[in-house]
Amino acid sequence: QGKALYEGLARCIHCHGQTAVRRPLTKEELFDIIKNGVPGTSHMPFRYLLSDEEIWAIVQYQLHDTCMNGCEN
């Protein structure tokens with residue numbers, strides 16, 4: 001589900017490419033960035049488009065795919 005959302009509805013892949021995580025982030029940090037956006041940038045908040053469950057699916061997809069902070073996260 002995370003991959004489908006990343007590439008589809010959320011359209012993350014259009015700006016970030018296949019892997020959005022470029023630096024070590026915790027699950028909570030990545031969730032917050034997706035949900036609330038990044039002030040002062042073009043990264044919009046997705047809290048109005050995606051449910052928390054969908055955001056967590058994207059987080060899991062990105063962290064599993066990149067194994068940032070170890071694959072345990």
# chains A, B, ... in the order shown; residues from 1 in each chain; ligands from 1
>>> select_by_dssp(residues="range 12-51 of chain A", states="alpha helix (DSSP H)", output="compact mmCIF listing (two decimals) with N, CA, C and O atoms, in the first residue's frame")
# COMPACT_ATOMS: atom_id res chain seq x y z
N CYS A 12 4.39 11.43 -4.50
CA CYS A 12 5.72 11.72 -3.93
C CYS A 12 6.83 11.49 -4.96
O CYS A 12 7.80 12.24 -5.01
N ILE A 13 6.66 10.46 -5.75
CA ILE A 13 7.70 10.06 -6.70
C ILE A 13 8.02 11.17 -7.71
O ILE A 13 9.14 11.27 -8.19
N HIS A 14 7.06 12.05 -7.98
CA HIS A 14 7.28 13.10 -8.98
C HIS A 14 8.34 14.11 -8.53
O HIS A 14 9.09 14.62 -9.37
N CYS A 15 8.40 14.39 -7.24
CA CYS A 15 9.41 15.34 -6.73
C CYS A 15 10.63 14.63 -6.14
O CYS A 15 11.74 15.12 -6.25
N HIS A 16 10.40 13.48 -5.51
CA HIS A 16 11.46 12.83 -4.75
C HIS A 16 12.16 11.69 -5.47
O HIS A 16 13.17 11.20 -4.99
N LYS A 27 11.00 7.21 12.25
CA LYS A 27 9.66 7.02 11.70
C LYS A 27 8.78 8.22 12.01
O LYS A 27 8.05 8.70 11.16
N GLU A 28 8.90 8.72 13.23
CA GLU A 28 8.07 9.83 13.67
C GLU A 28 8.40 11.11 12.91
O GLU A 28 7.51 11.89 12.56
N GLU A 29 9.69 11.36 12.66
CA GLU A 29 10.09 12.55 11.90
C GLU A 29 9.54 12.50 10.47
O GLU A 29 9.01 13.49 9.97
N LEU A 30 9.67 11.35 9.83
CA LEU A 30 9.18 11.21 8.46
C LEU A 30 7.66 11.36 8.42
O LEU A 30 7.11 12.04 7.55
N PHE A 31 6.97 10.75 9.37
CA PHE A 31 5.51 10.88 9.46
C PHE A 31 5.12 12.36 9.58
O PHE A 31 4.24 12.84 8.86
N ASP A 32 5.80 13.10 10.46
CA ASP A 32 5.50 14.51 10.68
C ASP A 32 5.73 15.33 9.41
O ASP A 32 4.93 16.21 9.09
N ILE A 33 6.81 15.06 8.70
CA ILE A 33 7.10 15.78 7.46
C ILE A 33 6.00 15.55 6.43
O ILE A 33 5.52 16.49 5.80
N ILE A 34 5.59 14.30 6.27
CA ILE A 34 4.55 13.99 5.29
C ILE A 34 3.22 14.61 5.72
O ILE A 34 2.53 15.26 4.92
N LYS A 35 2.86 14.44 6.98
CA LYS A 35 1.56 14.91 7.45
C LYS A 35 1.47 16.44 7.47
O LYS A 35 0.46 17.01 7.03
N ASN A 36 2.51 17.11 7.95
CA ASN A 36 2.43 18.56 8.19
C ASN A 36 3.19 19.41 7.20
O ASN A 36 3.13 20.64 7.27
>>> atom_distance(atom1="CA of Ser42 in chain A", atom2="CA of Gly8 in chain A")
18.5 Å
